[in-house]
file coords.txt (compact mmCIF, C-alpha atoms)
# COMPACT_ATOMS: atom_id res chain seq x y z
CA MET Y 1 28.28 -37.35 5.56
CA ASN Y 2 30.55 -35.28 7.79
CA GLN Y 3 34.26 -34.81 7.18
CA GLN Y 4 35.31 -37.58 9.57
CA SER Y 5 33.06 -40.17 7.94
CA LYS Y 6 34.31 -39.13 4.48
CA ARG Y 7 37.90 -39.51 5.71
CA ASN Y 8 37.12 -42.95 7.15
CA LEU Y 9 35.48 -44.01 3.88
CA PHE Y 10 38.53 -42.83 1.91
CA ILE Y 11 40.95 -44.77 4.14
CA MET Y 12 38.80 -47.92 4.24
CA TRP Y 13 38.50 -47.84 0.43
CA PHE Y 14 42.27 -48.26 0.19
CA ALA Y 15 42.35 -50.82 3.01
CA ASN Y 16 39.78 -52.94 1.15
CA PHE Y 17 41.71 -52.42 -2.09
CA PHE Y 18 44.89 -53.86 -0.55
CA ILE Y 19 43.05 -56.72 1.18
CA ALA Y 20 41.12 -57.84 -1.94
CA GLY Y 21 44.11 -57.37 -4.21
CA SER Y 22 46.39 -59.35 -1.90
CA MET Y 23 43.93 -62.21 -1.41
CA THR Y 24 43.33 -62.61 -5.16
CA MET Y 25 47.07 -62.42 -5.88
CA VAL Y 26 47.71 -65.84 -4.37
CA LEU Y 27 44.44 -67.75 -4.93
CA PRO Y 28 44.99 -68.44 -8.66
CA PHE Y 29 48.23 -70.38 -8.13
CA ILE Y 30 47.50 -72.37 -4.96
CA SER Y 31 47.30 -75.54 -7.08
CA LEU Y 32 50.60 -74.69 -8.78
CA TYR Y 33 52.20 -74.07 -5.37
CA ILE Y 34 51.04 -77.50 -4.17
CA GLU Y 35 52.76 -79.11 -7.18
CA THR Y 36 56.12 -77.77 -5.97
CA PHE Y 37 55.91 -79.84 -2.76
CA GLY Y 38 56.43 -83.18 -4.52
CA ASP Y 39 55.77 -85.40 -7.50
CA PHE Y 40 51.99 -85.68 -7.16
CA SER Y 41 49.33 -86.94 -9.54
CA SER Y 42 46.90 -84.46 -11.13
CA ALA Y 43 44.05 -85.98 -9.13
CA TYR Y 44 45.97 -85.47 -5.87
CA VAL Y 45 46.70 -81.83 -6.69
CA GLN Y 46 43.09 -81.12 -7.70
CA HIS Y 47 41.76 -82.80 -4.56
CA TRP Y 48 43.99 -80.88 -2.18
CA SER Y 49 43.62 -77.61 -4.09
CA GLY Y 50 39.87 -77.83 -3.53
CA TRP Y 51 40.19 -78.62 0.16
CA THR Y 52 42.89 -76.02 0.73
CA PHE Y 53 40.74 -73.38 -0.98
CA ALA Y 54 37.55 -74.32 0.88
CA ILE Y 55 38.90 -74.75 4.42
CA THR Y 56 39.40 -71.00 4.88
CA PHE Y 57 35.70 -70.42 4.27
CA VAL Y 58 34.72 -73.24 6.64
CA THR Y 59 36.48 -71.60 9.60
CA ALA Y 60 35.34 -68.14 8.44
CA PHE Y 61 31.76 -69.45 8.46
CA ILE Y 62 32.16 -70.36 12.14
CA PHE Y 63 33.97 -67.23 13.32
CA SER Y 64 32.23 -64.41 11.40
CA PRO Y 65 29.28 -64.01 13.84
CA ILE Y 66 31.70 -64.21 16.78
CA TRP Y 67 33.83 -61.37 15.44
CA GLY Y 68 30.66 -59.43 14.60
CA ARG Y 69 29.44 -59.71 18.19
CA ILE Y 70 32.83 -58.75 19.62
CA GLY Y 71 32.84 -55.75 17.29
CA ASP Y 72 29.38 -54.67 18.50
CA LEU Y 73 30.53 -54.87 22.13
CA TYR Y 74 34.11 -53.58 21.99
CA GLY Y 75 34.51 -51.75 18.70
CA ARG Y 76 34.98 -52.76 15.06
CA LYS Y 77 38.22 -50.86 14.58
CA LYS Y 78 40.05 -53.31 16.87
CA ILE Y 79 38.54 -56.28 15.01
CA LEU Y 80 39.69 -54.87 11.66
CA ILE Y 81 43.25 -54.46 12.93
CA ILE Y 82 43.30 -57.99 14.41
CA SER Y 83 41.83 -59.38 11.17
CA GLY Y 84 44.43 -57.67 8.99
CA LEU Y 85 47.35 -58.73 11.17
CA GLY Y 86 46.05 -62.32 11.47
CA MET Y 87 45.66 -62.73 7.73
CA GLY Y 88 49.00 -61.03 7.06
CA VAL Y 89 50.92 -63.34 9.39
CA SER Y 90 49.13 -66.42 7.99
CA ILE Y 91 50.00 -65.59 4.38
CA PHE Y 92 53.57 -64.65 5.32
CA LEU Y 93 54.08 -68.09 6.88
CA MET Y 94 52.64 -69.76 3.76
CA GLY Y 95 55.80 -68.67 1.98
CA TYR Y 96 57.80 -71.05 4.21
CA VAL Y 97 55.65 -74.21 4.09
CA THR Y 98 57.13 -77.41 2.68
CA SER Y 99 54.07 -79.69 2.58
CA VAL Y 100 50.39 -79.69 1.65
CA GLY Y 101 49.44 -80.33 5.28
CA GLN Y 102 51.25 -77.20 6.45
CA LEU Y 103 49.58 -75.09 3.76
CA PHE Y 104 46.18 -76.56 4.63
CA THR Y 105 46.69 -75.80 8.33
CA LEU Y 106 47.65 -72.18 7.66
CA ARG Y 107 44.67 -71.71 5.33
CA LEU Y 108 42.46 -73.09 8.12
CA PHE Y 109 44.06 -70.70 10.63
CA MET Y 110 43.65 -67.76 8.23
CA GLY Y 111 39.91 -68.42 8.07
CA ILE Y 112 39.64 -67.39 11.71
CA PHE Y 113 40.63 -63.85 10.69
CA THR Y 114 38.97 -63.71 7.26
CA GLY Y 115 36.15 -61.21 7.07
CA PHE Y 116 37.97 -57.88 6.94
CA ILE Y 117 35.83 -56.59 4.07
CA SER Y 118 32.50 -57.55 5.68
CA VAL Y 119 33.53 -56.03 9.03
CA SER Y 120 34.60 -52.87 7.22
CA GLN Y 121 31.10 -52.70 5.72
CA ALA Y 122 29.62 -52.77 9.22
CA TYR Y 123 32.23 -50.22 10.36
CA ILE Y 124 31.28 -47.70 7.65
CA SER Y 125 27.57 -48.60 7.75
CA THR Y 126 27.16 -47.52 11.39
CA GLN Y 127 28.70 -44.14 10.52
CA THR Y 128 26.38 -43.58 7.57
CA PRO Y 129 22.84 -42.10 7.56
CA LYS Y 130 20.23 -44.58 6.30
CA GLU Y 131 19.21 -42.43 3.35
CA ILE Y 132 22.63 -42.68 1.64
CA ALA Y 133 23.75 -46.12 2.91
CA GLY Y 134 23.47 -47.81 -0.49
CA ARG Y 135 25.57 -45.23 -2.31
CA VAL Y 136 28.24 -45.14 0.41
CA LEU Y 137 28.51 -48.93 0.70
CA GLY Y 138 28.59 -49.19 -3.09
CA THR Y 139 31.51 -46.75 -3.10
CA LEU Y 140 33.30 -48.82 -0.46
CA GLN Y 141 32.75 -51.98 -2.50
CA THR Y 142 34.52 -50.47 -5.52
CA GLY Y 143 37.72 -50.59 -3.46
CA SER Y 144 37.60 -54.36 -3.07
CA ILE Y 145 36.46 -54.81 -6.67
CA THR Y 146 39.38 -52.76 -8.00
CA GLY Y 147 41.78 -54.79 -5.88
CA SER Y 148 40.24 -58.04 -7.11
CA LEU Y 149 40.68 -56.96 -10.72
CA MET Y 150 44.35 -56.06 -10.29
CA GLY Y 151 45.32 -58.84 -7.87
CA PRO Y 152 45.40 -61.87 -10.21
CA LEU Y 153 47.37 -60.00 -12.88
CA LEU Y 154 49.94 -58.65 -10.43
CA GLY Y 155 50.14 -61.99 -8.59
CA GLY Y 156 50.88 -63.81 -11.84
CA ILE Y 157 53.66 -61.37 -12.71
CA LEU Y 158 55.22 -61.61 -9.23
CA ALA Y 159 54.99 -65.41 -9.16
CA ASP Y 160 56.63 -65.72 -12.60
CA THR Y 161 59.36 -63.26 -11.61
CA TYR Y 162 60.11 -64.10 -7.97
CA GLY Y 163 58.49 -67.49 -7.36
CA TYR Y 164 55.47 -68.58 -5.36
CA ALA Y 165 57.01 -68.46 -1.89
CA ASN Y 166 58.28 -64.90 -2.30
CA THR Y 167 54.91 -63.80 -3.64
CA PHE Y 168 53.19 -65.09 -0.49
CA GLN Y 169 55.66 -63.22 1.67
CA GLY Y 170 55.35 -59.99 -0.31
CA THR Y 171 51.57 -60.19 -0.35
CA SER Y 172 51.45 -60.39 3.44
CA PHE Y 173 52.93 -56.90 3.78
CA ALA Y 174 50.13 -55.38 1.68
CA ILE Y 175 47.58 -56.99 4.03
CA ILE Y 176 49.42 -55.74 7.12
CA LEU Y 177 49.42 -52.27 5.49
CA SER Y 178 45.60 -52.45 5.49
CA ALA Y 179 45.63 -53.04 9.25
CA ILE Y 180 47.94 -50.05 9.67
CA LEU Y 181 45.62 -47.87 7.56
CA VAL Y 182 42.69 -48.72 9.87
CA MET Y 183 44.66 -47.23 12.77
CA PHE Y 184 44.28 -43.80 11.11
CA THR Y 185 40.47 -43.96 11.14
CA LYS Y 186 38.26 -42.76 13.97
CA GLU Y 187 35.54 -45.08 15.26
CA TYR Y 188 32.19 -43.60 16.14
CA VAL Y 189 28.51 -44.34 15.62
CA ILE Y 190 26.00 -41.83 14.28
CA GLU Y 191 23.58 -40.57 16.89
CA ARG Y 192 21.35 -43.33 18.18
CA THR Y 193 17.63 -42.89 18.70
CA LYS Y 194 16.86 -42.16 22.34
CA GLY Y 195 15.73 -45.19 24.26
CA THR Y 196 17.50 -47.76 22.08
CA LYS Y 197 19.36 -50.57 23.82
CA GLN Y 198 23.13 -50.38 24.02
CA LYS Y 199 23.71 -54.16 24.14
CA TYR Y 200 21.90 -57.20 22.80
CA SER Y 201 22.48 -60.83 23.69
CA SER Y 202 23.09 -63.31 20.87
CA LYS Y 203 19.65 -64.78 21.59
CA GLU Y 204 18.04 -61.36 21.12
CA VAL Y 205 19.92 -60.86 17.84
CA ILE Y 206 18.75 -64.22 16.49
CA LEU Y 207 15.16 -63.54 17.59
CA HIS Y 208 15.29 -60.12 15.89
CA ILE Y 209 16.28 -61.81 12.62
CA ILE Y 210 13.61 -64.51 12.94
CA ARG Y 211 10.91 -61.95 13.74
CA HIS Y 212 11.75 -60.06 10.53
CA PRO Y 213 11.00 -62.64 7.81
CA VAL Y 214 12.08 -60.39 4.94
CA LEU Y 215 15.42 -59.73 6.66
CA LEU Y 216 15.84 -63.47 7.27
CA THR Y 217 15.02 -64.16 3.61
CA VAL Y 218 17.58 -61.60 2.43
CA MET Y 219 20.24 -63.25 4.60
CA LEU Y 220 19.43 -66.79 3.45
CA ILE Y 221 19.52 -65.61 -0.15
CA SER Y 222 23.12 -64.48 0.51
CA SER Y 223 24.08 -68.14 0.60
CA LEU Y 224 22.15 -69.00 -2.56
CA VAL Y 225 23.75 -66.12 -4.46
CA GLN Y 226 27.25 -67.25 -3.45
CA ILE Y 227 26.47 -70.87 -4.39
CA ALA Y 228 25.32 -69.66 -7.79
CA HIS Y 229 28.22 -67.28 -8.35
CA PHE Y 230 30.96 -69.63 -7.15
CA SER Y 231 29.64 -72.69 -8.98
CA ILE Y 232 31.17 -71.25 -12.16
CA GLN Y 233 34.55 -70.28 -10.67
CA PRO Y 234 36.38 -73.66 -10.69
CA ILE Y 235 35.31 -74.53 -14.24
CA LEU Y 236 35.60 -71.15 -15.96
CA SER Y 237 39.20 -71.70 -17.09
CA LEU Y 238 38.24 -75.11 -18.49
CA TYR Y 239 35.28 -73.55 -20.29
CA VAL Y 240 37.54 -70.88 -21.79
CA SER Y 241 39.90 -73.62 -22.94
CA GLU Y 242 37.03 -75.39 -24.69
CA LEU Y 243 35.91 -72.18 -26.42
CA HIS Y 244 39.29 -70.66 -27.24
CA GLY Y 245 41.83 -73.45 -27.14
CA PRO Y 246 45.06 -73.75 -25.10
CA GLU Y 247 46.84 -70.74 -26.64
CA ASN Y 248 47.46 -68.03 -23.99
CA LEU Y 249 44.91 -69.78 -21.81
CA ALA Y 250 45.92 -68.06 -18.56
CA PHE Y 251 45.53 -64.62 -20.16
CA PHE Y 252 42.12 -65.29 -21.71
CA ALA Y 253 40.84 -67.00 -18.55
CA GLY Y 254 41.90 -63.87 -16.68
CA VAL Y 255 39.98 -61.72 -19.17
CA ALA Y 256 36.85 -63.83 -18.60
CA PHE Y 257 37.22 -63.53 -14.82
CA SER Y 258 37.89 -59.79 -14.99
CA ALA Y 259 34.93 -59.04 -17.27
CA ALA Y 260 32.49 -59.64 -14.40
CA GLY Y 261 34.62 -57.47 -12.13
CA ALA Y 262 34.60 -54.65 -14.66
CA GLY Y 263 30.79 -54.68 -14.82
CA ASN Y 264 30.70 -54.88 -11.04
CA LEU Y 265 33.00 -51.87 -10.70
CA LEU Y 266 30.96 -49.86 -13.18
CA MET Y 267 27.60 -50.29 -11.45
CA ALA Y 268 28.12 -51.08 -7.73
CA ARG Y 269 27.85 -47.47 -6.56
CA LYS Y 270 25.00 -46.67 -8.99
CA TRP Y 271 22.89 -49.60 -7.85
CA GLY Y 272 23.42 -48.54 -4.24
CA LYS Y 273 22.21 -45.04 -5.09
CA ILE Y 274 19.16 -46.43 -6.93
CA GLY Y 275 18.40 -48.53 -3.84
CA ASP Y 276 18.58 -45.41 -1.65
CA GLN Y 277 16.04 -43.70 -3.89
CA HIS Y 278 13.58 -46.48 -4.74
CA GLY Y 279 13.89 -49.09 -1.99
CA TYR Y 280 16.49 -51.78 -1.39
CA ILE Y 281 14.16 -54.78 -1.62
CA LYS Y 282 12.69 -53.69 -4.97
CA VAL Y 283 16.16 -53.21 -6.42
CA LEU Y 284 17.44 -56.48 -4.95
CA ILE Y 285 14.57 -58.46 -6.54
CA ILE Y 286 15.30 -56.84 -9.93
CA LEU Y 287 19.04 -57.58 -9.64
CA LEU Y 288 18.49 -61.24 -8.74
CA LEU Y 289 16.12 -61.78 -11.66
CA LEU Y 290 18.36 -59.94 -14.13
CA ALA Y 291 21.46 -61.86 -12.97
CA GLY Y 292 19.57 -65.12 -13.47
CA ILE Y 293 18.53 -64.11 -16.97
CA PHE Y 294 22.06 -62.97 -17.93
CA TYR Y 295 23.55 -66.29 -16.77
CA ILE Y 296 21.48 -68.36 -19.22
CA PRO Y 297 23.27 -67.45 -22.51
CA GLY Y 298 26.63 -68.21 -20.87
CA GLY Y 299 25.93 -71.91 -21.35
CA PHE Y 300 25.28 -71.53 -25.08
CA VAL Y 301 28.05 -69.18 -26.27
CA THR Y 302 30.18 -70.32 -29.20
CA ASN Y 303 33.27 -68.14 -28.78
CA MET Y 304 35.39 -66.48 -26.13
CA TRP Y 305 34.16 -62.91 -26.67
CA GLN Y 306 30.51 -63.88 -26.33
CA LEU Y 307 31.42 -65.33 -22.93
CA VAL Y 308 33.23 -62.10 -21.99
CA LEU Y 309 30.11 -60.06 -22.86
CA VAL Y 310 27.89 -62.37 -20.80
CA ARG Y 311 30.31 -62.12 -17.86
CA PHE Y 312 30.33 -58.33 -18.11
CA LEU Y 313 26.52 -58.14 -18.06
CA LEU Y 314 26.49 -60.54 -15.12
CA GLY Y 315 28.93 -58.27 -13.27
CA VAL Y 316 26.67 -55.28 -13.91
CA THR Y 317 23.87 -56.97 -11.96
CA ILE Y 318 25.86 -58.91 -9.35
CA GLY Y 319 27.73 -55.68 -8.52
CA GLY Y 320 24.65 -54.17 -6.90
CA ILE Y 321 23.59 -57.13 -4.79
CA ILE Y 322 26.15 -56.71 -1.97
CA PRO Y 323 25.81 -52.95 -1.26
CA VAL Y 324 22.01 -53.05 -1.59
CA ARG Y 325 21.79 -56.09 0.70
CA VAL Y 326 24.06 -54.56 3.35
CA ALA Y 327 22.20 -51.24 3.15
CA TYR Y 328 18.93 -53.07 3.80
CA ILE Y 329 20.43 -54.86 6.82
CA ARG Y 330 21.73 -51.45 7.97
CA GLN Y 331 18.14 -50.23 7.85
CA GLU Y 332 16.50 -53.19 9.57
CA ALA Y 333 18.97 -53.96 12.38
CA PRO Y 334 19.63 -51.63 15.32
CA LEU Y 335 23.11 -50.09 15.24
CA THR Y 336 24.30 -51.94 18.33
CA MET Y 337 23.61 -55.37 16.82
CA GLN Y 338 24.55 -54.71 13.19
CA GLY Y 339 28.00 -56.26 13.45
CA GLU Y 340 26.60 -59.58 14.65
CA VAL Y 341 23.76 -59.54 12.09
CA LEU Y 342 26.25 -58.84 9.29
CA GLY Y 343 28.45 -61.57 10.79
CA TYR Y 344 25.64 -64.11 10.32
CA ASN Y 345 25.11 -62.78 6.81
CA THR Y 346 28.82 -63.23 6.09
CA SER Y 347 28.72 -66.78 7.49
CA LEU Y 348 25.93 -67.65 5.08
CA ARG Y 349 27.95 -66.16 2.22
CA PHE Y 350 31.01 -68.23 3.19
CA LEU Y 351 28.82 -71.34 3.34
CA GLY Y 352 27.88 -70.62 -0.27
CA ASN Y 353 31.56 -70.20 -1.13
CA VAL Y 354 32.18 -73.76 0.09
CA ILE Y 355 29.14 -75.40 -1.54
CA GLY Y 356 29.28 -73.55 -4.89
CA PRO Y 357 32.65 -74.73 -6.27
CA ALA Y 358 32.04 -78.34 -5.21
CA MET Y 359 28.58 -78.34 -6.77
CA GLY Y 360 29.80 -76.72 -10.00
CA GLY Y 361 32.61 -79.23 -10.37
CA ILE Y 362 30.33 -82.24 -9.85
CA ILE Y 363 27.61 -80.99 -12.21
CA SER Y 364 30.05 -80.07 -14.99
CA ALA Y 365 31.72 -83.49 -14.71
CA TYR Y 366 28.42 -85.36 -15.13
CA PHE Y 367 26.28 -83.04 -17.25
CA GLY Y 368 28.63 -80.55 -18.91
CA PHE Y 369 29.28 -76.80 -18.65
CA THR Y 370 25.86 -75.74 -19.96
CA ALA Y 371 24.11 -77.49 -17.05
CA VAL Y 372 26.12 -75.42 -14.53
CA PHE Y 373 25.03 -72.16 -16.16
CA LEU Y 374 21.39 -73.29 -16.25
CA LEU Y 375 21.44 -74.38 -12.60
CA THR Y 376 23.12 -71.14 -11.57
CA SER Y 377 20.53 -69.14 -13.46
CA SER Y 378 17.75 -71.11 -11.78
CA LEU Y 379 19.15 -70.45 -8.30
CA LEU Y 380 19.29 -66.69 -8.89
CA ILE Y 381 15.79 -66.51 -10.38
CA ILE Y 382 14.41 -68.68 -7.56
CA SER Y 383 16.09 -66.35 -5.04
CA GLY Y 384 14.41 -63.34 -6.64
CA LEU Y 385 11.01 -65.07 -6.63
CA ILE Y 386 11.41 -66.17 -2.99
CA LEU Y 387 12.19 -62.59 -1.97
CA LEU Y 388 9.25 -61.28 -4.02
CA ALA Y 389 6.92 -63.79 -2.34
CA SER Y 390 8.28 -62.85 1.09
CA THR Y 391 7.59 -59.16 0.52
CA HIS Y 392 4.01 -59.89 -0.58
CA ARG Y 393 3.44 -62.15 2.40
CA HIS Y 394 4.83 -59.59 4.88
CA PRO Y 395 4.19 -56.17 3.28
CA GLU Y 396 4.40 -54.44 6.65
CA LEU Y 397 7.99 -55.70 7.08
CA SER Y 398 9.16 -55.15 3.52
CA LYS Y 399 8.52 -51.42 3.36
CA ASP Y 400 12.04 -50.11 2.93
CA SER Y 401 11.29 -46.48 2.36
CA VAL Y 402 13.82 -44.29 4.15
CA THR Y 403 12.84 -42.86 7.48

call {"tool": "encode", "arguments": {"input": "coords.txt", "output": "structure tokens"}}
result
Amino acid sequence: MNQQSKRNLFIMWFANFFIAGSMTMVLPFISLYIETFGDFSSAYVQHWSGWTFAITFVTAFIFSPIWGRIGDLYGRKKILIISGLGMGVSIFLMGYVTSVGQLFTLRLFMGIFTGFISVSQAYISTQTPKEIAGRVLGTLQTGSITGSLMGPLLGGILADTYGYANTFQGTSFAIILSAILVMFTKEYVIERTKGTKQKYSSKEVILHIIRHPVLLTVMLISSLVQIAHFSIQPILSLYVSELHGPENLAFFAGVAFSAAGAGNLLMARKWGKIGDQHGYIKVLIILLLLAGIFYIPGGFVTNMWQLVLVRFLLGVTIGGIIPVRVAYIRQEAPLTMQGEVLGYNTSLRFLGNVIGPAMGGIISAYFGFTAVFLLTSSLLIISGLILLASTHRHPELSKDSVT
């Protein structure tokens, strides 16, 4: 990497840190914020908390490929700035809402601009040589992971001290700061191979994906991984309560959430580097299978600290999936269409974010917590086996040795 790309990576690390930290500051108490709008039943609050959480991902699912294409045509730096400002203004206004409908509408509007972290991956990816893409993208991911670890803790402290509305308003400035940081980066693309096209139509991008079955499989698996990972999220606090009891529940639930993030932070960069050296598809298959195996004991733990250990081991494997997957897309998609390809990949991830929590809640209600862990494990193992089968069926397309 040259000095400019290192400088851009350094700045975008902090931008992702502020974005992820700010987003996770407010998510944990959306349901508590809704309760302040009136004297509602628990069922009402749970219903609208779910919809208010999910609606952002629904609109993000629609707009991610659009922003990716605009970024390919006119520059990703501009998209990052627009994304940061759009999210910042949305969250700032959430501090002034007086009804569930207003909060829901702003969360819907915010989804239009959600995707800063995925666009930043495309931004850095196109400035990075293929042979070190995994390591660099893994490094970038540690910024968002670190923010995600600190966000819930800081958000809880701010909400207890200053109230929910003020926390929304304060959080918005950290997001706007990320947009300002992007202004200090320099956009460029590493030297393109002579003869490559400068522009692709959306039809050509979709055909490129379809004609590369392994790439298509990797992208579809993005959705399955998110369904699996997010199926646990809405019930984890309830599971902790069952294992540990109500005493200091918020703290211990936070520990269980953070354990996966800690494992993620520890290994994200290392998995990316291993992918650079030994092939992204091979590493991705291993990570999917390991994550599936590590999920299984989570449904059979008998105390809080066993769950924390399982969550940590899960984070160790999940932490490598994103940088390795993006590095593979970086390798398989021409530079001038990478933003749109990553946009479709992000859309599939957001689709998983919507399906996962709903599925986890329904399954836990009817079959118990253990069933959610077993289903999640099955989805991850199936994903790994599907990818393995795809590489055997199309060996000429699955060779991911660096060139």

call {"tool": "atom_distance", "arguments": {"input": "coords.txt", "atom1": "CA of His392 (chain Y)", "atom2": "CA of Val316 (chain Y)"}}
result
26.7 Å

call {"tool": "residues_around", "arguments": {"input": "coords.txt", "residues": "Phe116 (chain Y)", "least_positions_apart": "2", "cutoff": "8 Å", "atoms": "all atoms listed in the file", "output": "list in words"}}
result
Asn16, Ile19, Leu80, Ser83, Gly84, Phe113, Thr114, Ser118, Val119 and Ser120 of chain Y

call {"tool": "closest_residue", "arguments": {"input": "coords.txt", "among": "Y:Ala54, Y:Ile132, Y:Val100, Y:Leu380", "to": "Pro357 (chain Y)", "atoms": "only C-alpha atoms"}}
result
Y:Ala54

call {"tool": "residues_around", "arguments": {"input": "coords.txt", "residues": "region 171-181 of chain Y", "least_positions_apart": "4", "cutoff": "12 Å", "atoms": "all atoms listed in the file", "output": "MDAnalysis selection string"}}
result
chainID Y and resid 7:27 77:95 110 113:114 116:117 120 144 147 151:152 154:155 158:159 164:167 185:186

call {"tool": "closest_residue", "arguments": {"input": "coords.txt", "among": "Y:Val372, Y:Ile112, Y:Leu335, Y:Ala228", "to": "Val354 (chain Y)", "atoms": "all atoms listed in the file"}}
result
Y:Ala228

call {"tool": "atom_distance", "arguments": {"input": "coords.txt", "atom1": "CA of Leu238 (chain Y)", "atom2": "CA of Leu351 (chain Y)"}}
result
24.1 Å

call {"tool": "residues_around", "arguments": {"input": "coords.txt", "residues": "Leu307 (chain Y)", "least_positions_apart": "4", "cutoff": "8 Å", "atoms": "all atoms listed in the file", "output": "list of chain:residue names"}}
result
Y:Ala256, Y:Gly298, Y:Val301, Y:Asn303, Y:Arg311

call {"tool": "write_last_selection", "arguments": {"input": "coords.txt", "atoms": "C-alpha atoms", "output": "JSON list (two decimals), in the coordinates of the input"}}
result
[["chain", "number", "residue", "atom", "x", "y", "z"],
["Y", 256, "ALA", "CA", 36.85, -63.83, -18.60],
["Y", 298, "GLY", "CA", 26.63, -68.21, -20.87],
["Y", 301, "VAL", "CA", 28.05, -69.18, -26.27],
["Y", 303, "ASN", "CA", 33.27, -68.14, -28.78],
["Y", 311, "ARG", "CA", 30.31, -62.12, -17.86]]

call {"tool": "residues_around", "arguments": {"input": "coords.txt", "residues": "Lys130 (chain Y)", "least_positions_apart": "3", "cutoff": "9 Å", "atoms": "only C-alpha atoms", "output": "MDAnalysis selection string"}}
result
chainID Y and resid 125 133:134 276 327:328 330:331 402:403

call {"tool": "residues_around", "arguments": {"input": "coords.txt", "residues": "Gly71 (chain Y)", "least_positions_apart": "2", "cutoff": "10 Å", "atoms": "all atoms listed in the file", "output": "list of chain:residue names"}}
result
Y:Pro65, Y:Ile66, Y:Trp67, Y:Gly68, Y:Arg69, Y:Leu73, Y:Tyr74, Y:Gly75, Y:Arg76, Y:Lys77, Y:Lys78, Y:Ile79, Y:Leu80, Y:Val119, Y:Ala122, Y:Tyr123, Y:Thr336, Y:Met337, Y:Gln338, Y:Gly339, Y:Glu340, Y:Gly343
